[in-house]
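*Asks:* One structure is given below, represented as structure tokens, and several questions about it will come after.
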Amino acid sequence: MEPFVTVIAPVRNEERYIERCLYSLARQDYPRERIEVLVVDGRSDDRTREIITRFAAESTLDTRLIDNPARTAAAAMNIGLRLARGDIIVRIDGHATLAPDYLRRAVHALDASGADCVGGVLHSEGDTYAGRAIAAAMSSRFGAGGAAFRTGGSAGPVDTVAFGACRRRVFDILGGFREDIDAGEDDEFNYRLRDAGGVILMLPELRATYTVRDNLRGLWRQYFSYGRAKPEVLRLHPAQAQPRQLAPAAFVGALAVASVLVLRGRATPLRRLVGAYALATACASLLAAFRRGLQHLPVLPLVFASIHIAYGIGFLAGVANVVRRYLTGERAAGDASASTHVTRPAD
């Protein structure tokens, strides 16, 4: 008998996309009686709950709507984990869809590889002109920093995946998601798993689609949040640090220093820094436009700059928060639990 799969979907105000997400789960070629879907809603104030309720009533897929008073994705995942019956846990976002063979391939890959978690490649798409340009940037190495699940590549171990399928016993041993690291809970859990000796596998044949933010303001807020969360994640898991994670903050810091030098009559460093960045951005924009459509070229440099600067400023804000905690002796919630469950799940 196939393993039982629990799909957990943390959502809030997803009326535009949640129905498409749920129908992608209903179309899975995995045995339907071996799937449950837990949609954990952060008290949406749009039509999200109505759409989920109607789908649950009309579909033969076991779908439940669960309340999430805390409203954050990490809290939603922990609520879902407490209620899940599955041997395998899969996360999906409300603005994403899974290919019809995703669950079947993921379950079989876990069995065949012995990995603790498997995930695939995200195809980013947008539903506005700005959104399509954002999707092009987020699918490029210059925009995504080389994250394999965004840019693609060959099968193999990675540091993190999106919409991973994990063995339930991994959560039983390592615990759930840290609710004090908003927008960084996935990375923190994946790094915790790797620190424990676990294996996360990226398989290109596992296909998912992700609808990106549809405007630059939303993109800025998203990447600022990612950047702000990362220093706390790296504080907990310093062995997982990589140069690509530090590059945006280094760029923003260099911009700040060069700008101060301008006030002292030394404009050359700023001109050189901006010129080098503009050249790199122009090249990356051309490559991304050739892949996704030349009509996106005019806005791509602005998209790349938004990603890098928002993430960099957020990262520096996160560093300041970590330093503040250290100087005041404040302990982050969950530090003790994060340092105890570090045994790799037995085979």
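Residues in the structure tokens are named by chain (A, B, ... in the order shown) and by number from 1 within that chain; ligands are numbered from 1 in the order shown.
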Using DSSP assignments from the backbone, pull out every residue in range 167-248 of chain A that falls under strand (DSSP E or B) and give it to me as a VMD selection string.

*Replies:* chain A and resid 167 200 to 211

*Asks:* Select from range 174-238 of chain A everything DSSP, run on the backbone, classes as helix (DSSP H, G or I), then give the selection as an MDAnalysis selection string.

*Replies:* chainID A and resid 174 185:195 216:236 238

*Asks:* Would you kindly return, as a list in words, each protein, DNA or RNA residue with an atom no farther than 8 Å from any atom of range 134-137 of chain A, considering only C-alpha atoms and excluding same-chain residues fewer than 3 positions away?

*Replies:*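 Result of the neighbour search: Ser124, Glu125, Gly126, Ala130, Gly131, Ser140, Phe142, Gly143, Ala144, Thr211, Val212, Arg213, Asp214, Leu219, Ser285, Ala288, Ala289, Arg291, Arg292, Leu300, Val303 and Phe304 of chain A.
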
*Asks:* Keeping only all heavy atoms, write those residues as a compact mmCIF listing (two decimals), in the first residue's frame.

*Replies:*
# COMPACT_ATOMS: atom_id res chain seq x y z
N SER A 124 8.54 29.83 -12.20
CA SER A 124 7.92 31.08 -11.76
C SER A 124 7.15 31.71 -12.91
O SER A 124 7.65 31.76 -14.04
CB SER A 124 8.99 32.05 -11.25
OG SER A 124 9.63 31.54 -10.11
N GLU A 125 5.97 32.19 -12.62
CA GLU A 125 5.17 32.87 -13.64
C GLU A 125 4.48 34.07 -13.01
O GLU A 125 4.33 34.16 -11.79
CB GLU A 125 4.13 31.93 -14.25
CG GLU A 125 3.08 31.45 -13.27
CD GLU A 125 2.00 30.59 -13.91
OE1 GLU A 125 2.26 30.01 -14.98
OE2 GLU A 125 0.91 30.50 -13.32
N GLY A 126 4.07 35.01 -13.84
CA GLY A 126 3.36 36.18 -13.38
C GLY A 126 2.10 36.39 -14.18
O GLY A 126 2.00 35.92 -15.31
N ALA A 130 4.41 43.39 -14.99
CA ALA A 130 5.45 43.46 -13.96
C ALA A 130 5.70 42.07 -13.37
O ALA A 130 6.85 41.69 -13.11
CB ALA A 130 5.06 44.44 -12.87
N GLY A 131 4.64 41.30 -13.15
CA GLY A 131 4.78 39.97 -12.58
C GLY A 131 5.59 39.05 -13.47
O GLY A 131 6.42 38.27 -13.00
N SER A 140 16.47 33.54 -12.77
CA SER A 140 17.85 33.70 -13.24
C SER A 140 18.81 33.58 -12.06
O SER A 140 18.45 33.87 -10.91
CB SER A 140 18.04 35.06 -13.92
OG SER A 140 18.10 36.10 -12.96
N PHE A 142 21.31 35.48 -11.48
CA PHE A 142 21.61 36.81 -10.97
C PHE A 142 20.54 37.26 -9.98
O PHE A 142 20.85 37.96 -9.01
CB PHE A 142 21.69 37.80 -12.14
CG PHE A 142 22.24 39.15 -11.78
CD1 PHE A 142 23.55 39.31 -11.38
CD2 PHE A 142 21.43 40.28 -11.87
CE1 PHE A 142 24.06 40.56 -11.04
CE2 PHE A 142 21.92 41.54 -11.55
CZ PHE A 142 23.24 41.69 -11.14
N GLY A 143 19.31 36.86 -10.21
CA GLY A 143 18.24 37.24 -9.30
C GLY A 143 18.06 36.28 -8.15
O GLY A 143 17.81 36.71 -7.01
N ALA A 144 18.20 34.99 -8.40
CA ALA A 144 17.92 33.98 -7.37
C ALA A 144 19.16 33.54 -6.61
O ALA A 144 19.07 32.75 -5.68
CB ALA A 144 17.26 32.75 -8.01
N THR A 211 3.27 31.45 -8.67
CA THR A 211 2.88 32.76 -9.16
C THR A 211 3.51 33.83 -8.28
O THR A 211 3.23 33.90 -7.08
CB THR A 211 1.35 32.93 -9.17
OG1 THR A 211 0.78 31.89 -9.97
CG2 THR A 211 0.96 34.28 -9.78
N VAL A 212 4.35 34.66 -8.86
CA VAL A 212 5.13 35.64 -8.11
C VAL A 212 4.28 36.87 -7.79
O VAL A 212 3.15 37.02 -8.26
CB VAL A 212 6.39 36.06 -8.90
CG1 VAL A 212 7.24 34.84 -9.24
CG2 VAL A 212 5.99 36.82 -10.17
N ARG A 213 4.86 37.78 -7.00
CA ARG A 213 4.20 39.05 -6.73
C ARG A 213 3.96 39.79 -8.04
O ARG A 213 4.75 39.67 -8.97
CB ARG A 213 5.05 39.93 -5.80
CG ARG A 213 5.40 39.29 -4.46
CD ARG A 213 4.15 38.97 -3.65
NE ARG A 213 4.46 38.58 -2.28
CZ ARG A 213 4.73 37.35 -1.88
NH1 ARG A 213 4.76 36.36 -2.77
NH2 ARG A 213 4.98 37.07 -0.61
N ASP A 214 2.89 40.56 -8.09
CA ASP A 214 2.53 41.19 -9.37
C ASP A 214 2.93 42.66 -9.46
O ASP A 214 2.57 43.35 -10.41
CB ASP A 214 1.04 41.04 -9.65
CG ASP A 214 0.17 41.67 -8.57
OD1 ASP A 214 0.72 42.33 -7.67
OD2 ASP A 214 -1.07 41.48 -8.63
N LEU A 219 7.16 42.82 -4.32
CA LEU A 219 8.46 42.16 -4.44
C LEU A 219 9.43 42.71 -3.40
O LEU A 219 10.16 41.94 -2.76
CB LEU A 219 9.01 42.38 -5.84
CG LEU A 219 10.40 41.79 -6.11
CD1 LEU A 219 10.33 40.27 -6.15
CD2 LEU A 219 10.97 42.34 -7.42
N SER A 285 19.87 41.15 -17.44
CA SER A 285 18.54 41.49 -17.97
C SER A 285 18.40 41.00 -19.40
O SER A 285 17.34 40.49 -19.79
CB SER A 285 18.33 43.00 -17.90
OG SER A 285 18.34 43.45 -16.56
N ALA A 288 17.92 37.19 -19.29
CA ALA A 288 16.58 36.85 -18.81
C ALA A 288 15.52 37.19 -19.85
O ALA A 288 14.56 36.45 -20.04
CB ALA A 288 16.30 37.58 -17.50
N ALA A 289 15.70 38.32 -20.54
CA ALA A 289 14.73 38.73 -21.56
C ALA A 289 14.75 37.78 -22.75
O ALA A 289 13.69 37.48 -23.32
CB ALA A 289 15.03 40.16 -22.00
N ARG A 291 15.31 34.67 -22.62
CA ARG A 291 14.65 33.43 -22.20
C ARG A 291 13.14 33.60 -22.07
O ARG A 291 12.38 32.69 -22.40
CB ARG A 291 15.22 32.96 -20.85
CG ARG A 291 16.67 32.53 -20.89
CD ARG A 291 17.06 31.83 -19.60
NE ARG A 291 18.47 31.53 -19.55
CZ ARG A 291 19.36 32.23 -18.85
NH1 ARG A 291 18.95 33.27 -18.13
NH2 ARG A 291 20.63 31.91 -18.85
N ARG A 292 12.71 34.75 -21.57
CA ARG A 292 11.30 34.92 -21.22
C ARG A 292 10.55 35.93 -22.10
O ARG A 292 9.34 36.05 -21.97
CB ARG A 292 11.18 35.36 -19.76
CG ARG A 292 11.56 34.30 -18.73
CD ARG A 292 10.59 33.14 -18.74
NE ARG A 292 10.81 32.23 -17.63
CZ ARG A 292 10.09 32.22 -16.51
NH1 ARG A 292 9.10 33.08 -16.35
NH2 ARG A 292 10.35 31.35 -15.57
N LEU A 300 13.34 44.94 -16.34
CA LEU A 300 14.15 43.94 -15.63
C LEU A 300 15.26 44.55 -14.78
O LEU A 300 15.48 44.09 -13.65
CB LEU A 300 14.73 42.93 -16.63
CG LEU A 300 13.82 41.75 -16.94
CD1 LEU A 300 14.32 40.98 -18.15
CD2 LEU A 300 13.71 40.83 -15.74
N VAL A 303 13.74 45.47 -11.56
CA VAL A 303 13.37 44.28 -10.78
C VAL A 303 14.59 43.71 -10.07
O VAL A 303 14.55 43.41 -8.86
CB VAL A 303 12.72 43.22 -11.69
CG1 VAL A 303 12.51 41.92 -10.91
CG2 VAL A 303 11.41 43.72 -12.27
N PHE A 304 15.69 43.55 -10.81
CA PHE A 304 16.90 43.02 -10.19
C PHE A 304 17.37 43.93 -9.05
O PHE A 304 17.75 43.44 -7.97
CB PHE A 304 18.02 42.89 -11.23
CG PHE A 304 17.90 41.67 -12.10
CD1 PHE A 304 17.87 41.80 -13.48
CD2 PHE A 304 17.85 40.40 -11.55
CE1 PHE A 304 17.77 40.67 -14.29
CE2 PHE A 304 17.76 39.27 -12.34
CZ PHE A 304 17.72 39.41 -13.73

*Asks:* Quick one: which range 32-100 of chain A residues come within 10 Å of range 149-165 of chain A, and what is the nearest atom pair for each with the distance in Å to one decimal, counting only C-alpha atoms, rows ordered by chain and ascending number, as a tab-separated table?

*Replies:*
residue	atom	partner	partner_atom	distance
A:Ile88	CA	A:Ala165	CA	6.5
A:Ile89	CA	A:Ala165	CA	5.6
A:Val90	CA	A:Ala165	CA	4.4
A:Arg91	CA	A:Phe163	CA	4.9
A:Ile92	CA	A:Phe163	CA	5.3
A:Asp93	CA	A:Phe163	CA	7.8
A:Ala96	CA	A:Phe163	CA	9.3
A:Thr97	CA	A:Phe163	CA	10.0
A:Leu98	CA	A:Phe163	CA	9.1

*Asks:* For the residues in the current selection, export N, CA and C atoms as an mmCIF file, in the first residue's frame.

*Replies:*
data_model
loop_
_atom_site.group_PDB
_atom_site.id
_atom_site.type_symbol
_atom_site.label_atom_id
_atom_site.label_comp_id
_atom_site.auth_asym_id
_atom_site.auth_seq_id
_atom_site.Cartn_x
_atom_site.Cartn_y
_atom_site.Cartn_z
ATOM 1 N N ILE A 88 4.114 10.951 5.010
ATOM 2 C CA ILE A 88 4.907 11.922 4.252
ATOM 3 C C ILE A 88 4.162 13.250 4.298
ATOM 4 N N ILE A 89 4.914 14.319 4.544
ATOM 5 C CA ILE A 89 4.353 15.660 4.659
ATOM 6 C C ILE A 89 4.846 16.503 3.483
ATOM 7 N N VAL A 90 3.919 17.161 2.812
ATOM 8 C CA VAL A 90 4.259 18.037 1.688
ATOM 9 C C VAL A 90 3.677 19.417 1.959
ATOM 10 N N ARG A 91 4.490 20.442 1.767
ATOM 11 C CA ARG A 91 3.979 21.808 1.884
ATOM 12 C C ARG A 91 3.718 22.374 0.491
ATOM 13 N N ILE A 92 2.658 23.160 0.388
ATOM 14 C CA ILE A 92 2.408 23.922 -0.827
ATOM 15 C C ILE A 92 1.846 25.275 -0.434
ATOM 16 N N ASP A 93 2.211 26.314 -1.175
ATOM 17 C CA ASP A 93 1.658 27.644 -0.939
ATOM 18 C C ASP A 93 0.371 27.824 -1.733
ATOM 19 N N ALA A 96 0.561 28.505 -5.576
ATOM 20 C CA ALA A 96 1.376 27.543 -6.324
ATOM 21 C C ALA A 96 0.508 26.372 -6.767
ATOM 22 N N THR A 97 0.994 25.639 -7.753
ATOM 23 C CA THR A 97 0.338 24.418 -8.206
ATOM 24 C C THR A 97 1.392 23.332 -8.384
ATOM 25 N N LEU A 98 0.972 22.084 -8.269
ATOM 26 C CA LEU A 98 1.853 20.946 -8.477
ATOM 27 C C LEU A 98 1.468 20.213 -9.747
#

*Asks:* I'd like the contact shell of range 188-193 of chain A - 6 Å cut-off, only C-alpha atoms, skipping same-chain residues fewer than 3 positions apart - returned as a PDB file with N, CA, C and O atoms, in the first residue's frame.

*Replies:*
ATOM      1  N   THR A 160      18.425  23.516   0.316  1.00  0.00           N
ATOM      2  CA  THR A 160      17.016  23.793   0.591  1.00  0.00           C
ATOM      3  C   THR A 160      16.194  23.572  -0.667  1.00  0.00           C
ATOM      4  O   THR A 160      16.727  23.663  -1.786  1.00  0.00           O
ATOM      5  N   GLU A 185      11.391  30.446   8.007  1.00  0.00           N
ATOM      6  CA  GLU A 185      11.166  29.177   8.710  1.00  0.00           C
ATOM      7  C   GLU A 185      11.513  27.964   7.849  1.00  0.00           C
ATOM      8  O   GLU A 185      12.002  26.949   8.366  1.00  0.00           O
ATOM      9  N   ALA A 196      21.808  17.967  11.009  1.00  0.00           N
ATOM     10  CA  ALA A 196      21.602  16.679  11.668  1.00  0.00           C
ATOM     11  C   ALA A 196      22.078  15.512  10.812  1.00  0.00           C
ATOM     12  O   ALA A 196      21.950  14.357  11.208  1.00  0.00           O
ATOM     13  N   GLY A 198      20.922  14.965   7.679  1.00  0.00           N
ATOM     14  CA  GLY A 198      19.886  14.581   6.735  1.00  0.00           C
ATOM     15  C   GLY A 198      20.223  14.985   5.306  1.00  0.00           C
ATOM     16  O   GLY A 198      21.090  15.824   5.067  1.00  0.00           O
ATOM     17  N   VAL A 233      18.746  32.916  10.891  1.00  0.00           N
ATOM     18  CA  VAL A 233      18.894  31.539  10.418  1.00  0.00           C
ATOM     19  C   VAL A 233      20.372  31.148  10.407  1.00  0.00           C
ATOM     20  O   VAL A 233      20.752  30.056  10.858  1.00  0.00           O
TER      21      VAL A 233
END

*Asks:* Restricting the calculation to only C-alpha atoms, which member of A:Asp62, A:Asp111, A:Glu14, A:Asp186 is positioned closest to Ala26 in chain A?

*Replies:*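 Ranking A:Asp62, A:Asp111, A:Glu14, A:Asp186 by distance to Ala26 in chain A, first place goes to A:Asp62.
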
*Asks:* Return the single residue from A:Val274, A:Leu201, A:Val11, A:Val107 that is closest to Ser259 in chain A, with distances computed using only C-alpha atoms.

*Replies:*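 Among the listed residues, the smallest separation from Ser259 in chain A belongs to A:Val274.
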
*Asks:* Excluding Tyr226 in chain A and any residue of its chain fewer than 6 positions from it, enumerate the residues within 9 Å of it, using only C-alpha atoms, and give them as an MDAnalysis selection string.

*Replies:* chainID A and resid 182:184 310:311 314:315

*Asks:* What lies within 7 Å of range 245-257 of chain A using only C-alpha atoms, ignoring chain neighbours under 3 positions off, as a PyMOL selection string?

*Replies:* chain A and resi 242+260-261+270+308-309+311-313+315-316

*Asks:* Those same residues, written as a tab-separated table (two decimals), in the first residue's frame with all heavy atoms?

*Replies:*
chain	number	residue	atom	x	y	z
A	242	GLN	N	26.71	30.71	2.86
A	242	GLN	CA	27.33	30.71	1.54
A	242	GLN	C	27.51	32.15	1.08
A	242	GLN	O	26.71	33.03	1.42
A	242	GLN	CB	26.47	29.93	0.54
A	242	GLN	CG	26.27	28.47	0.89
A	242	GLN	CD	25.47	27.74	-0.16
A	242	GLN	OE1	25.49	28.09	-1.34
A	242	GLN	NE2	24.74	26.72	0.26
A	260	VAL	N	28.87	58.07	1.32
A	260	VAL	CA	29.48	58.94	2.32
A	260	VAL	C	30.74	59.60	1.76
A	260	VAL	O	31.01	60.78	1.99
A	260	VAL	CB	29.80	58.15	3.60
A	260	VAL	CG1	30.65	58.97	4.56
A	260	VAL	CG2	28.52	57.71	4.28
A	261	LEU	N	31.48	58.82	0.98
A	261	LEU	CA	32.70	59.37	0.38
A	261	LEU	C	32.39	60.49	-0.59
A	261	LEU	O	33.19	61.43	-0.75
A	261	LEU	CB	33.49	58.25	-0.33
A	261	LEU	CG	34.12	57.20	0.59
A	261	LEU	CD1	34.80	56.11	-0.23
A	261	LEU	CD2	35.12	57.85	1.54
A	270	LEU	N	31.87	55.58	-5.90
A	270	LEU	CA	30.44	55.39	-6.16
A	270	LEU	C	30.19	55.20	-7.65
A	270	LEU	O	29.41	54.33	-8.04
A	270	LEU	CB	29.64	56.58	-5.63
A	270	LEU	CG	28.12	56.47	-5.82
A	270	LEU	CD1	27.57	55.26	-5.06
A	270	LEU	CD2	27.43	57.75	-5.33
A	308	HIS	N	17.85	42.85	-5.04
A	308	HIS	CA	19.15	42.92	-4.36
A	308	HIS	C	19.15	43.94	-3.23
A	308	HIS	O	19.64	43.65	-2.13
A	308	HIS	CB	20.24	43.26	-5.38
A	308	HIS	CG	20.41	42.22	-6.43
A	308	HIS	ND1	20.85	42.50	-7.72
A	308	HIS	CD2	20.18	40.88	-6.42
A	308	HIS	CE1	20.90	41.39	-8.42
A	308	HIS	NE2	20.49	40.40	-7.66
A	309	ILE	N	18.62	45.12	-3.49
A	309	ILE	CA	18.68	46.17	-2.47
A	309	ILE	C	17.73	45.87	-1.32
A	309	ILE	O	18.06	46.05	-0.14
A	309	ILE	CB	18.39	47.54	-3.11
A	309	ILE	CG1	19.51	47.88	-4.12
A	309	ILE	CG2	18.31	48.63	-2.04
A	309	ILE	CD1	19.26	49.15	-4.90
A	311	TYR	N	16.70	42.89	-0.31
A	311	TYR	CA	17.28	41.80	0.46
A	311	TYR	C	18.46	42.29	1.28
A	311	TYR	O	18.62	41.95	2.46
A	311	TYR	CB	17.71	40.68	-0.48
A	311	TYR	CG	18.16	39.42	0.22
A	311	TYR	CD1	17.29	38.34	0.37
A	311	TYR	CD2	19.45	39.29	0.74
A	311	TYR	CE1	17.71	37.17	1.01
A	311	TYR	CE2	19.86	38.15	1.39
A	311	TYR	CZ	18.99	37.08	1.51
A	311	TYR	OH	19.40	35.94	2.16
A	312	GLY	N	19.31	43.12	0.65
A	312	GLY	CA	20.49	43.62	1.35
A	312	GLY	C	20.14	44.48	2.55
A	312	GLY	O	20.72	44.33	3.64
A	313	ILE	N	19.19	45.41	2.39
A	313	ILE	CA	18.77	46.25	3.52
A	313	ILE	C	18.12	45.38	4.60
A	313	ILE	O	18.37	45.56	5.80
A	313	ILE	CB	17.78	47.34	3.04
A	313	ILE	CG1	18.50	48.32	2.12
A	313	ILE	CG2	17.18	48.07	4.22
A	313	ILE	CD1	17.58	49.35	1.48
A	315	PHE	N	18.74	42.24	5.21
A	315	PHE	CA	19.81	41.46	5.86
A	315	PHE	C	20.52	42.31	6.91
A	315	PHE	O	20.76	41.84	8.04
A	315	PHE	CB	20.80	40.98	4.81
A	315	PHE	CG	21.77	39.93	5.31
A	315	PHE	CD1	21.54	38.59	5.08
A	315	PHE	CD2	22.91	40.30	6.01
A	315	PHE	CE1	22.43	37.63	5.54
A	315	PHE	CE2	23.80	39.35	6.48
A	315	PHE	CZ	23.57	38.01	6.24
A	316	LEU	N	20.85	43.55	6.57
A	316	LEU	CA	21.52	44.42	7.52
A	316	LEU	C	20.63	44.71	8.72
A	316	LEU	O	21.11	44.79	9.87
A	316	LEU	CB	21.95	45.72	6.83
A	316	LEU	CG	23.04	45.55	5.75
A	316	LEU	CD1	23.30	46.87	5.05
A	316	LEU	CD2	24.32	44.99	6.35

*Asks:* Rounded to one decimal in Å, what is the spacing between CA of Val39 in chain A and CA of Arg168 in chain A?

*Replies:*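 Computing it gives 17.9 Å between the two atoms.
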
*Asks:* Ranking A:Asp116, A:Val121, A:Ala276, A:Met138 by minimum distance to Ile173 in chain A and counting only C-alpha atoms, which one comes first?

*Replies:* A:Asp116

*Asks:* Could you check which of A:Ala317, A:Ala115, A:Ile79, A:Val262 is closest to Glu179 in chain A, using only C-alpha atoms?

*Replies:*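 Checking each of A:Ala317, A:Ala115, A:Ile79, A:Val262 against Glu179 in chain A, counting only C-alpha atoms, the winner is A:Ile79.
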
*Asks:* Go through A:Cys21, A:Ala278, A:Val170, A:Ala57 and flag the residue nearest Gly197 in chain A, using only C-alpha atoms for the distances.

*Replies:*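 That would be A:Val170, the residue with the smallest distance to Gly197 in chain A.
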
*Asks:* Nearest to Ala73 in chain A: which of A:Arg12, A:His123, A:Arg132, A:His95 is it, counting only C-alpha atoms?

*Replies:*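 Among the listed residues, A:Arg12 lies closest to Ala73 in chain A.
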
*Asks:* Provide the CA of Ala208 in chain A to CA of Ile52 in chain A distance in Å, to one decimal place.

*Replies:*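 Between CA of Ala208 in chain A and CA of Ile52 in chain A the gap is 20.5 Å.
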
*Asks:* Just the number, please: distance in Å from CA of Arg207 in chain A to CA of Pro10 in chain A, one decimal.

*Replies:*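 CA of Arg207 in chain A sits 19.6 Å away from CA of Pro10 in chain A.
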